[in-house]
Amino acid sequence: MISKRSVQFKIYRYDPDRDEKPYLQDITVELEPSDKKLLDALVRLRAKDDSMSFRRSCREGVCGSDAMNINGKNGLACLTDVDSLVQPITLRPLPGLPVIRDLIVDMTQFFKQYHSIKPYLVNNEPTPERERLQSPEEREELNGLYECILCACCSTSCPSFWWNPDKFVGPAGLLAAYRFLADTRDQDTNARLDNLEDPYRLFRCHSIMNCVDVCPKNLNPTRAIGKIKDMMVRRAI
Amino acid sequence: MNVAKRTFDAVIVGAGGAGLRAALQLSESGMKTAVLTKVFPTRSHTVAAQGGVAASLGNSTEDNWHWHMYDTVKGSDWLGDQDAIEFMCKKANEVVIELEHFGMPFDRTDNGKIYQRPFGGHSMNYGQAPVMRSCAAADRTGHAMLHALYQRNVRANTQFFVEWMALDLIRNTDGDVLGVTAMEMETGEVSIFHAKATIFATGGAGRIYHSSTNAFINTGDGVGMAARAGIPLEDMEFWQFHPTGVAGAGVLITEGVRGEGGILRNASGERFMERYAPNLKDLASRDIVSRAMTTEINEGRGCGPDKDHVLLDITHLAPENIMKRLPGIREIAIQFAGVDPIKAPIPVVPTCHYQMGGIPTNYKGQVVVPKDGNSNVPVVGFYAAGECACASVHGANRLGTNSLLDLLVFGKSAGETVVEDFESGTLSLKPLPADAADASLARIARLESQTGGESVFDVGLEMRRTMQKHAGVFRFDQLLKEGVQKIGEVAERAKRTEIADKSKVWNIARMEALELDNLIEVARATMVSAEARKESRGAHVRDDALDTAENPNGRDDANWLKHTLWYSEGNRLDYKAVNLKPLSDDVKPIALAKRTY
């Protein structure tokens, strides 16, 4: 049985309204037995210090709000057991994106890349009366792709994205690109591949697999990127 | 404070399923539209819906909208309006097929059609046997739906204001709605969004309860704003307690688990639902199952050292089926209950899940209020859809999968009505009153200057505990009376909340204090409406309204077959008739009957 205990944190703090520069704050939090996840601990912390800022919503790993860098590794606070973490627990904002305040980053560049791959189904045939048919096997191709929650854990753990966030689509955007390439209902294959045929957008991925390592939904962007590269090659020959 | 003004044809508040579906209608019609959302659209709570969306496609078993309508009226314990229910059930196939065309990755049957599974309260041939009506994408239907709708909006170039929190509704002296005030989280600046039409799609307020499946963001912002602006709230005593929240954590376990064959068991391993609902058993409607579970626990047949939960058992299902149809549930059980459901049953308790009541609307998505002797007069320029609205299709108890359907049908319908009103010239940009932003600015100024006040955290906790204790699964006359008193005291404390953080940038403390203002409206409405309704109906069951020959299940149609309307000012109650007449001649009214499953 988990009991009351105190947990040590080092948390990245920065409020542009007040602070000249960011700093790491040492904080101790007294946790109740019901506080199991890192998010529970952060909510408990906020009851004492209401200036501690982070995004959060569903608290069950499906909305993608509370991604942060936890002891050096990106993850979701709501899916991380607080007692599994080495103390002091060091929390920083997701790396590589501008910090707005404390653990809140500006995700504009991340979503810009997501939007750049035309993340919607394209099918120019006349709209049928009923559903477009898709076999269970064809539908299975979308498993491991459509479940992405856009938390940005992957893209902000990727050195290629850190270096070229404006040019490299990044693992999340490329996973979404392959989600539509793999959909038998989508007819935009050539345009989608054209859109990625460039030294940076797709080919900056060097398969170091940081994205796979951190994905809280256990998805595999590297594999999806590999499949897009295969499609490029097959199209060329 | 300097207040910027922005002008649009329409402003939509909320970017969950209903807001995004409405936005599509407006964007594709070319209206200049702003969608305000507290969170990035795909983080809205629609994302957490699991089991499916109802439509009588008949892909796996015979089905038709008449049966669906019957189930929904019966599920509502006859408090739903039959015109709106007919409209929703008839439109279901159309909106679900559309979603498929938008790219939603539904699971498939062997012949390539949309996969459908059984769900609680849904039946074939007017209650005879379970029907396969819930269209599903594994156990992530809400996620798949929300992303598909967002993606379609990207295609339609919808203009979003992401991480903007709406603060107050703007009305003129005629009562017409002219838009909202809103705060940008990143800068803390307040703007006026002035528009010809305002659509609220802000979701529910499940966070008024201590144990809730709802997200942190589900603070009833639209409902609170409407109440403060003098709009009555309808049927707020009716809250759905979902039978299967993870014990202790509150996280949702979809009814689809029982749709796929899961069984509820008490401490002796008994499948107790056979006693309460001999026909549909574990797939009876949610109010019935939640009460049965609570009765088992109250009578000492609960599980665990404290006998405080029951077990949801799927260990008899094939592991490959669990991995295929319920993969997300398995993850949730491992994460939040510490059990792998392939090997051991999941501890569950009834948990607050859904707000049946809300802002009164008609089936077109127009907000309607009593005026000059007519109970349903549209408010000029004001529309609402989804969980924040009360059409009323769910009445006293919602059926699972009807909420995602509600979002699609009434999101679209509200959008269509706005486009029609816009194109016919019915809507105009009315002059803003000089004091349009004053109420919002005063709320923010009070928070800035409050000293010696109350902690938002403490007041919120007291509200949630009060609601949980005084307006739970079973309700007691004495507890309700005390509850009205207590929630009134909490509301007084909420007027004096104080925050330490005064930063302009992403100030969550301020956001939570403003959200608490909205939650408090909902909590008051719930408690006062519940105390007043002296009968048992659907999710509202009282100790002093028991099953008798005259009032089956404690339901008193002679006196209480009516909608509650609660006004914030003076805690005043009013009532209006339930519409028992369907919209068309295609179907006869579903006659009142005792509800059994």
# chains A, B, ... in the order shown; residues from 1 in each chain; ligands from 1
call {"tool": "residues_around", "arguments": {"residues": "range 155-164 of chain A", "least_positions_apart": "5", "cutoff": "12 Å", "atoms": "only C-alpha atoms", "output": "PyMOL selection string"}}
result
chain A and resi 67-70+72-75+93-98+105-107+109-111+113-114+150+169-175+199-215+221-222
call {"tool": "write_last_selection", "arguments": {"atoms": "N, CA and C atoms", "output": "compact mmCIF listing (two decimals), in the first residue's frame"}}
result
# COMPACT_ATOMS: atom_id res chain seq x y z
N ALA A 67 2.68 16.58 -22.12
CA ALA A 67 4.01 16.09 -22.48
C ALA A 67 5.07 17.01 -21.89
N MET A 68 6.11 16.42 -21.33
CA MET A 68 7.22 17.20 -20.77
C MET A 68 8.46 16.33 -20.71
N ASN A 69 9.57 16.95 -20.40
CA ASN A 69 10.82 16.20 -20.30
C ASN A 69 11.04 15.80 -18.84
N ILE A 70 10.96 14.48 -18.61
CA ILE A 70 10.95 13.93 -17.25
C ILE A 70 12.25 13.18 -17.01
N GLY A 72 15.03 13.79 -18.10
CA GLY A 72 15.80 13.70 -19.34
C GLY A 72 15.12 12.99 -20.48
N LYS A 73 13.92 12.45 -20.24
CA LYS A 73 13.23 11.73 -21.31
C LYS A 73 11.82 12.27 -21.48
N ASN A 74 11.40 12.47 -22.73
CA ASN A 74 10.06 13.01 -22.96
C ASN A 74 9.00 11.97 -22.61
N GLY A 75 7.88 12.44 -22.02
CA GLY A 75 6.79 11.53 -21.70
C GLY A 75 5.58 12.32 -21.24
N PRO A 93 10.64 21.71 -19.86
CA PRO A 93 9.72 21.73 -21.00
C PRO A 93 10.27 20.87 -22.13
N LEU A 94 9.40 20.46 -23.06
CA LEU A 94 9.85 19.68 -24.20
C LEU A 94 11.00 20.42 -24.89
N PRO A 95 12.08 19.71 -25.22
CA PRO A 95 13.25 20.38 -25.79
C PRO A 95 13.01 20.88 -27.22
N GLY A 96 13.71 21.95 -27.56
CA GLY A 96 13.75 22.38 -28.96
C GLY A 96 12.66 23.34 -29.38
N LEU A 97 11.65 23.54 -28.54
CA LEU A 97 10.60 24.50 -28.88
C LEU A 97 10.72 25.71 -27.95
N PRO A 98 10.29 26.89 -28.42
CA PRO A 98 10.38 28.07 -27.55
C PRO A 98 9.51 27.88 -26.30
N VAL A 105 5.35 25.00 -23.71
CA VAL A 105 6.12 25.40 -24.90
C VAL A 105 5.19 25.91 -25.99
N ASP A 106 5.78 26.68 -26.90
CA ASP A 106 5.05 27.16 -28.07
C ASP A 106 5.11 26.07 -29.15
N MET A 107 3.96 25.47 -29.45
CA MET A 107 3.93 24.33 -30.36
C MET A 107 3.62 24.71 -31.81
N GLN A 109 5.42 25.59 -34.39
CA GLN A 109 6.23 24.94 -35.42
C GLN A 109 5.85 23.46 -35.58
N PHE A 110 5.55 22.82 -34.47
CA PHE A 110 5.16 21.41 -34.49
C PHE A 110 3.87 21.23 -35.30
N PHE A 111 2.87 22.06 -35.02
CA PHE A 111 1.60 21.92 -35.74
C PHE A 111 1.71 22.37 -37.19
N GLN A 113 4.21 21.83 -39.11
CA GLN A 113 4.70 20.66 -39.84
C GLN A 113 3.60 19.61 -40.00
N TYR A 114 2.82 19.42 -38.97
CA TYR A 114 1.68 18.48 -39.09
C TYR A 114 0.74 18.93 -40.21
N LEU A 150 -0.65 13.62 -30.96
CA LEU A 150 -0.03 14.93 -31.23
C LEU A 150 0.55 15.57 -29.96
N VAL A 169 9.93 17.63 -41.45
CA VAL A 169 8.55 17.46 -40.98
C VAL A 169 8.51 16.89 -39.56
N GLY A 170 9.46 16.02 -39.26
CA GLY A 170 9.50 15.43 -37.92
C GLY A 170 8.66 14.17 -37.83
N PRO A 171 8.96 13.34 -36.83
CA PRO A 171 8.30 12.02 -36.75
C PRO A 171 6.77 12.08 -36.66
N ALA A 172 6.20 13.03 -35.91
CA ALA A 172 4.74 13.04 -35.76
C ALA A 172 4.08 13.36 -37.10
N GLY A 173 4.59 14.36 -37.78
CA GLY A 173 4.02 14.74 -39.08
C GLY A 173 4.19 13.63 -40.11
N LEU A 174 5.34 12.95 -40.09
CA LEU A 174 5.57 11.89 -41.06
C LEU A 174 4.73 10.65 -40.76
N LEU A 175 4.50 10.39 -39.49
CA LEU A 175 3.59 9.29 -39.12
C LEU A 175 2.19 9.60 -39.69
N PRO A 199 15.42 17.33 -49.78
CA PRO A 199 16.51 16.84 -48.92
C PRO A 199 16.18 16.88 -47.42
N TYR A 200 15.23 17.69 -47.04
CA TYR A 200 14.96 17.86 -45.61
C TYR A 200 13.67 17.18 -45.13
N ARG A 201 12.56 17.42 -45.81
CA ARG A 201 11.24 17.12 -45.25
C ARG A 201 11.12 15.68 -44.73
N LEU A 202 11.60 14.75 -45.53
CA LEU A 202 11.56 13.34 -45.14
C LEU A 202 12.97 12.82 -44.82
N PHE A 203 13.93 13.21 -45.66
CA PHE A 203 15.22 12.51 -45.64
C PHE A 203 16.16 12.95 -44.54
N ARG A 204 15.75 13.91 -43.71
CA ARG A 204 16.57 14.25 -42.54
C ARG A 204 16.43 13.20 -41.43
N CYS A 205 15.51 12.28 -41.60
CA CYS A 205 15.41 11.21 -40.62
C CYS A 205 16.57 10.25 -40.80
N HIS A 206 17.37 10.07 -39.74
CA HIS A 206 18.50 9.16 -39.81
C HIS A 206 18.28 7.91 -38.97
N SER A 207 17.01 7.63 -38.69
CA SER A 207 16.64 6.38 -38.02
C SER A 207 17.35 6.16 -36.69
N ILE A 208 17.52 7.20 -35.89
CA ILE A 208 18.11 6.97 -34.57
C ILE A 208 17.06 6.52 -33.56
N MET A 209 15.80 6.60 -33.95
CA MET A 209 14.69 5.99 -33.21
C MET A 209 14.42 6.57 -31.82
N ASN A 210 14.86 7.79 -31.56
CA ASN A 210 14.46 8.44 -30.31
C ASN A 210 12.94 8.52 -30.22
N CYS A 211 12.30 8.75 -31.37
CA CYS A 211 10.84 8.89 -31.41
C CYS A 211 10.15 7.63 -30.90
N VAL A 212 10.66 6.49 -31.33
CA VAL A 212 10.05 5.22 -30.94
C VAL A 212 10.24 5.00 -29.44
N ASP A 213 11.42 5.39 -28.97
CA ASP A 213 11.77 5.20 -27.57
C ASP A 213 10.83 5.98 -26.63
N VAL A 214 10.38 7.17 -27.05
CA VAL A 214 9.61 8.00 -26.14
C VAL A 214 8.09 7.96 -26.35
N CYS A 215 7.62 7.42 -27.49
CA CYS A 215 6.19 7.54 -27.79
C CYS A 215 5.33 6.93 -26.69
N PRO A 221 7.11 5.77 -35.36
CA PRO A 221 7.27 6.67 -36.51
C PRO A 221 8.41 6.26 -37.43
N THR A 222 9.49 5.71 -36.87
CA THR A 222 10.63 5.33 -37.72
C THR A 222 10.21 4.31 -38.78
call {"tool": "interface_residues", "arguments": {"of": "chain B", "to": "chain A", "cutoff": "7 Å", "atoms": "only C-alpha atoms", "output": "VMD selection string"}}
result
chain B and resid 42 to 43 45 47 to 48 97 100 to 103 107 to 113 151 to 152 155 215 to 217 251 457 500 to 501 503 to 506 508 to 509
call {"tool": "closest_residue", "arguments": {"among": "B:Met104, B:Ala166, B:Val484, B:Val578", "to": "His563 in chain B", "atoms": "only C-alpha atoms"}}
result
B:Val578
call {"tool": "residues_around", "arguments": {"residues": "Thr254 in chain B", "least_positions_apart": "3", "cutoff": "7 Å", "atoms": "only C-alpha atoms", "output": "list in words"}}
result
Gln50, Gly51 and Val257 of chain B
call {"tool": "write_last_selection", "arguments": {"atoms": "all heavy atoms", "output": "PDB file, in the first residue's frame"}}
result
ATOM      1  N   GLN B  50     -14.967   6.272 -26.089  1.00  0.00           N
ATOM      2  CA  GLN B  50     -14.330   5.000 -26.433  1.00  0.00           C
ATOM      3  C   GLN B  50     -15.189   4.102 -27.316  1.00  0.00           C
ATOM      4  O   GLN B  50     -14.805   3.698 -28.398  1.00  0.00           O
ATOM      5  CB  GLN B  50     -13.955   4.256 -25.141  1.00  0.00           C
ATOM      6  CG  GLN B  50     -12.931   5.019 -24.301  1.00  0.00           C
ATOM      7  CD  GLN B  50     -12.714   4.416 -22.919  1.00  0.00           C
ATOM      8  OE1 GLN B  50     -13.416   3.504 -22.500  1.00  0.00           O
ATOM      9  NE2 GLN B  50     -11.727   4.933 -22.206  1.00  0.00           N
ATOM     10  N   GLY B  51     -16.393   3.784 -26.851  1.00  0.00           N
ATOM     11  CA  GLY B  51     -17.104   2.628 -27.374  1.00  0.00           C
ATOM     12  C   GLY B  51     -17.738   2.750 -28.741  1.00  0.00           C
ATOM     13  O   GLY B  51     -17.846   1.757 -29.465  1.00  0.00           O
ATOM     14  N   VAL B 257     -16.868  -2.756 -23.476  1.00  0.00           N
ATOM     15  CA  VAL B 257     -16.292  -3.961 -22.859  1.00  0.00           C
ATOM     16  C   VAL B 257     -17.402  -4.975 -22.601  1.00  0.00           C
ATOM     17  O   VAL B 257     -17.264  -6.164 -22.879  1.00  0.00           O
ATOM     18  CB  VAL B 257     -15.563  -3.605 -21.539  1.00  0.00           C
ATOM     19  CG1 VAL B 257     -15.181  -4.861 -20.775  1.00  0.00           C
ATOM     20  CG2 VAL B 257     -14.328  -2.760 -21.832  1.00  0.00           C
TER      21      VAL B 257
END
call {"tool": "residues_around", "arguments": {"residues": "Lys481 in chain B", "least_positions_apart": "5", "cutoff": "10 Å", "atoms": "only C-alpha atoms", "output": "list in words"}}
result
His470, Phe476, Lys486, Met527, Val528, Ala530, Glu531 and Ala532 of chain B
call {"tool": "write_last_selection", "arguments": {"atoms": "N, CA, C and O atoms", "output": "PDB file, in the first residue's frame"}}
result
ATOM      1  N   HIS B 470     -24.091  14.689  -1.647  1.00  0.00           N
ATOM      2  CA  HIS B 470     -25.494  15.102  -1.561  1.00  0.00           C
ATOM      3  C   HIS B 470     -26.305  14.882  -2.831  1.00  0.00           C
ATOM      4  O   HIS B 470     -27.527  15.006  -2.798  1.00  0.00           O
ATOM      5  N   PHE B 476     -31.265  11.361  -1.392  1.00  0.00           N
ATOM      6  CA  PHE B 476     -32.074  11.306  -0.178  1.00  0.00           C
ATOM      7  C   PHE B 476     -32.591  12.698   0.126  1.00  0.00           C
ATOM      8  O   PHE B 476     -31.834  13.673   0.063  1.00  0.00           O
ATOM      9  N   LYS B 486     -25.575  23.823   1.664  1.00  0.00           N
ATOM     10  CA  LYS B 486     -24.109  23.764   1.598  1.00  0.00           C
ATOM     11  C   LYS B 486     -23.566  24.341   0.297  1.00  0.00           C
ATOM     12  O   LYS B 486     -22.550  25.041   0.295  1.00  0.00           O
ATOM     13  N   MET B 527     -28.112  20.942  -7.723  1.00  0.00           N
ATOM     14  CA  MET B 527     -28.612  20.651  -6.378  1.00  0.00           C
ATOM     15  C   MET B 527     -30.049  21.178  -6.194  1.00  0.00           C
ATOM     16  O   MET B 527     -30.913  20.473  -5.656  1.00  0.00           O
ATOM     17  N   VAL B 528     -30.279  22.398  -6.660  1.00  0.00           N
ATOM     18  CA  VAL B 528     -31.602  23.001  -6.468  1.00  0.00           C
ATOM     19  C   VAL B 528     -32.648  22.250  -7.305  1.00  0.00           C
ATOM     20  O   VAL B 528     -33.748  21.936  -6.821  1.00  0.00           O
ATOM     21  N   ALA B 530     -32.505  19.155  -8.303  1.00  0.00           N
ATOM     22  CA  ALA B 530     -32.657  17.791  -7.785  1.00  0.00           C
ATOM     23  C   ALA B 530     -33.503  17.772  -6.515  1.00  0.00           C
ATOM     24  O   ALA B 530     -34.342  16.893  -6.318  1.00  0.00           O
ATOM     25  N   GLU B 531     -33.270  18.764  -5.667  1.00  0.00           N
ATOM     26  CA  GLU B 531     -34.034  18.810  -4.417  1.00  0.00           C
ATOM     27  C   GLU B 531     -35.520  18.979  -4.714  1.00  0.00           C
ATOM     28  O   GLU B 531     -36.377  18.390  -4.069  1.00  0.00           O
ATOM     29  N   ALA B 532     -35.807  19.770  -5.755  1.00  0.00           N
ATOM     30  CA  ALA B 532     -37.200  20.100  -6.062  1.00  0.00           C
ATOM     31  C   ALA B 532     -37.958  18.953  -6.728  1.00  0.00           C
ATOM     32  O   ALA B 532     -39.175  18.841  -6.563  1.00  0.00           O
TER      33      ALA B 532
END
call {"tool": "select_by_dssp", "arguments": {"residues": "range 104-241 of chain B", "states": "strand (DSSP E)", "output": "ChimeraX atom specification"}}
result
/B:116-124,129-135,159-162,164-171,177-184,190-200,233-234,239-241
call {"tool": "atom_distance", "arguments": {"atom1": "CA of Pro126 in chain A", "atom2": "CA of Thr141 in chain B"}}
result
25.9 Å
call {"tool": "decode", "arguments": {"residues": "range 25-118 of chain A", "atoms": "C-alpha atoms", "output": "PDB file, in the first residue's frame"}}
result
ATOM      1  CA  GLN A  25      13.624  25.359  -8.700  1.00  0.00           C
ATOM      2  CA  ASP A  26      14.033  22.813  -5.895  1.00  0.00           C
ATOM      3  CA  ILE A  27      10.610  21.815  -4.597  1.00  0.00           C
ATOM      4  CA  THR A  28       9.461  19.182  -2.132  1.00  0.00           C
ATOM      5  CA  VAL A  29       5.889  17.952  -2.381  1.00  0.00           C
ATOM      6  CA  GLU A  30       3.979  15.969   0.229  1.00  0.00           C
ATOM      7  CA  LEU A  31       1.939  13.366  -1.658  1.00  0.00           C
ATOM      8  CA  GLU A  32      -1.282  11.717  -0.523  1.00  0.00           C
ATOM      9  CA  PRO A  33      -1.700   7.934  -0.939  1.00  0.00           C
ATOM     10  CA  SER A  34      -4.035   8.560  -3.881  1.00  0.00           C
ATOM     11  CA  ASP A  35      -1.337  10.501  -5.798  1.00  0.00           C
ATOM     12  CA  LYS A  36       0.089   7.879  -8.146  1.00  0.00           C
ATOM     13  CA  LYS A  37       0.975   9.583 -11.386  1.00  0.00           C
ATOM     14  CA  LEU A  38       3.391  12.439 -11.959  1.00  0.00           C
ATOM     15  CA  LEU A  39       0.390  14.563 -12.954  1.00  0.00           C
ATOM     16  CA  ASP A  40      -1.221  13.903  -9.545  1.00  0.00           C
ATOM     17  CA  ALA A  41       1.961  15.189  -7.932  1.00  0.00           C
ATOM     18  CA  LEU A  42       1.979  18.318 -10.093  1.00  0.00           C
ATOM     19  CA  VAL A  43      -1.664  19.030  -9.240  1.00  0.00           C
ATOM     20  CA  ARG A  44      -0.790  18.564  -5.555  1.00  0.00           C
ATOM     21  CA  LEU A  45       2.117  20.958  -6.007  1.00  0.00           C
ATOM     22  CA  ARG A  46      -0.176  23.578  -7.570  1.00  0.00           C
ATOM     23  CA  ALA A  47      -2.381  23.531  -4.479  1.00  0.00           C
ATOM     24  CA  LYS A  48       0.616  25.044  -2.655  1.00  0.00           C
ATOM     25  CA  ASP A  49       2.087  27.147  -5.482  1.00  0.00           C
ATOM     26  CA  ASP A  50      -0.547  28.230  -7.984  1.00  0.00           C
ATOM     27  CA  SER A  51       2.061  29.837 -10.251  1.00  0.00           C
ATOM     28  CA  MET A  52       3.433  26.478 -11.409  1.00  0.00           C
ATOM     29  CA  SER A  53       2.278  26.268 -15.037  1.00  0.00           C
ATOM     30  CA  PHE A  54       1.787  23.268 -17.307  1.00  0.00           C
ATOM     31  CA  ARG A  55      -0.872  22.031 -19.715  1.00  0.00           C
ATOM     32  CA  ARG A  56      -3.142  19.140 -18.719  1.00  0.00           C
ATOM     33  CA  SER A  57      -6.555  17.825 -19.558  1.00  0.00           C
ATOM     34  CA  CYS A  58      -7.753  14.229 -19.874  1.00  0.00           C
ATOM     35  CA  ARG A  59      -5.302  12.718 -17.304  1.00  0.00           C
ATOM     36  CA  GLU A  60      -5.518   9.351 -19.095  1.00  0.00           C
ATOM     37  CA  GLY A  61      -3.028   9.645 -21.961  1.00  0.00           C
ATOM     38  CA  VAL A  62      -5.345  10.372 -24.848  1.00  0.00           C
ATOM     39  CA  CYS A  63      -5.460  14.181 -25.204  1.00  0.00           C
ATOM     40  CA  GLY A  64      -1.696  14.729 -25.444  1.00  0.00           C
ATOM     41  CA  SER A  65      -1.551  17.904 -23.327  1.00  0.00           C
ATOM     42  CA  ASP A  66       0.902  17.097 -20.556  1.00  0.00           C
ATOM     43  CA  ALA A  67       4.011  16.089 -22.484  1.00  0.00           C
ATOM     44  CA  MET A  68       7.218  17.198 -20.771  1.00  0.00           C
ATOM     45  CA  ASN A  69      10.815  16.197 -20.305  1.00  0.00           C
ATOM     46  CA  ILE A  70      10.949  13.932 -17.250  1.00  0.00           C
ATOM     47  CA  ASN A  71      14.402  13.091 -15.879  1.00  0.00           C
ATOM     48  CA  GLY A  72      15.804  13.701 -19.340  1.00  0.00           C
ATOM     49  CA  LYS A  73      13.233  11.727 -21.307  1.00  0.00           C
ATOM     50  CA  ASN A  74      10.060  13.008 -22.965  1.00  0.00           C
ATOM     51  CA  GLY A  75       6.789  11.532 -21.698  1.00  0.00           C
ATOM     52  CA  LEU A  76       3.276  12.239 -20.477  1.00  0.00           C
ATOM     53  CA  ALA A  77       2.938  13.220 -16.819  1.00  0.00           C
ATOM     54  CA  CYS A  78      -0.413  11.423 -16.555  1.00  0.00           C
ATOM     55  CA  LEU A  79       1.032   8.061 -17.655  1.00  0.00           C
ATOM     56  CA  THR A  80       4.198   8.217 -15.566  1.00  0.00           C
ATOM     57  CA  ASP A  81       4.214   6.566 -12.120  1.00  0.00           C
ATOM     58  CA  VAL A  82       5.712   9.114  -9.788  1.00  0.00           C
ATOM     59  CA  ASP A  83       7.223   6.422  -7.559  1.00  0.00           C
ATOM     60  CA  SER A  84       9.099   4.918 -10.506  1.00  0.00           C
ATOM     61  CA  LEU A  85      11.181   8.077 -10.953  1.00  0.00           C
ATOM     62  CA  VAL A  86      14.645   8.721  -9.554  1.00  0.00           C
ATOM     63  CA  GLN A  87      14.675  11.769  -7.248  1.00  0.00           C
ATOM     64  CA  PRO A  88      15.070  14.626  -7.448  1.00  0.00           C
ATOM     65  CA  ILE A  89      12.640  14.372 -10.353  1.00  0.00           C
ATOM     66  CA  THR A  90      13.854  16.862 -12.933  1.00  0.00           C
ATOM     67  CA  LEU A  91      11.132  18.367 -15.086  1.00  0.00           C
ATOM     68  CA  ARG A  92      11.846  20.550 -18.097  1.00  0.00           C
ATOM     69  CA  PRO A  93       9.718  21.732 -21.004  1.00  0.00           C
ATOM     70  CA  LEU A  94       9.850  19.684 -24.203  1.00  0.00           C
ATOM     71  CA  PRO A  95      13.251  20.379 -25.790  1.00  0.00           C
ATOM     72  CA  GLY A  96      13.748  22.378 -28.964  1.00  0.00           C
ATOM     73  CA  LEU A  97      10.596  24.501 -28.883  1.00  0.00           C
ATOM     74  CA  PRO A  98      10.375  28.067 -27.552  1.00  0.00           C
ATOM     75  CA  VAL A  99       9.276  28.200 -23.911  1.00  0.00           C
ATOM     76  CA  ILE A 100       6.246  30.354 -23.144  1.00  0.00           C
ATOM     77  CA  ARG A 101       6.217  29.794 -19.420  1.00  0.00           C
ATOM     78  CA  ASP A 102       7.492  27.069 -17.051  1.00  0.00           C
ATOM     79  CA  LEU A 103       6.670  23.708 -18.701  1.00  0.00           C
ATOM     80  CA  ILE A 104       4.538  25.262 -21.450  1.00  0.00           C
ATOM     81  CA  VAL A 105       6.125  25.403 -24.896  1.00  0.00           C
ATOM     82  CA  ASP A 106       5.053  27.164 -28.071  1.00  0.00           C
ATOM     83  CA  MET A 107       3.928  24.327 -30.361  1.00  0.00           C
ATOM     84  CA  THR A 108       3.348  26.475 -33.473  1.00  0.00           C
ATOM     85  CA  GLN A 109       6.230  24.937 -35.423  1.00  0.00           C
ATOM     86  CA  PHE A 110       5.157  21.409 -34.488  1.00  0.00           C
ATOM     87  CA  PHE A 111       1.597  21.925 -35.740  1.00  0.00           C
ATOM     88  CA  LYS A 112       2.826  23.789 -38.815  1.00  0.00           C
ATOM     89  CA  GLN A 113       4.702  20.657 -39.841  1.00  0.00           C
ATOM     90  CA  TYR A 114       1.685  18.477 -39.086  1.00  0.00           C
ATOM     91  CA  HIS A 115      -0.504  20.723 -41.242  1.00  0.00           C
ATOM     92  CA  SER A 116       2.095  20.734 -44.029  1.00  0.00           C
ATOM     93  CA  ILE A 117       1.482  17.082 -44.894  1.00  0.00           C
ATOM     94  CA  LYS A 118      -2.210  17.740 -45.688  1.00  0.00           C
TER      95      LYS A 118
END
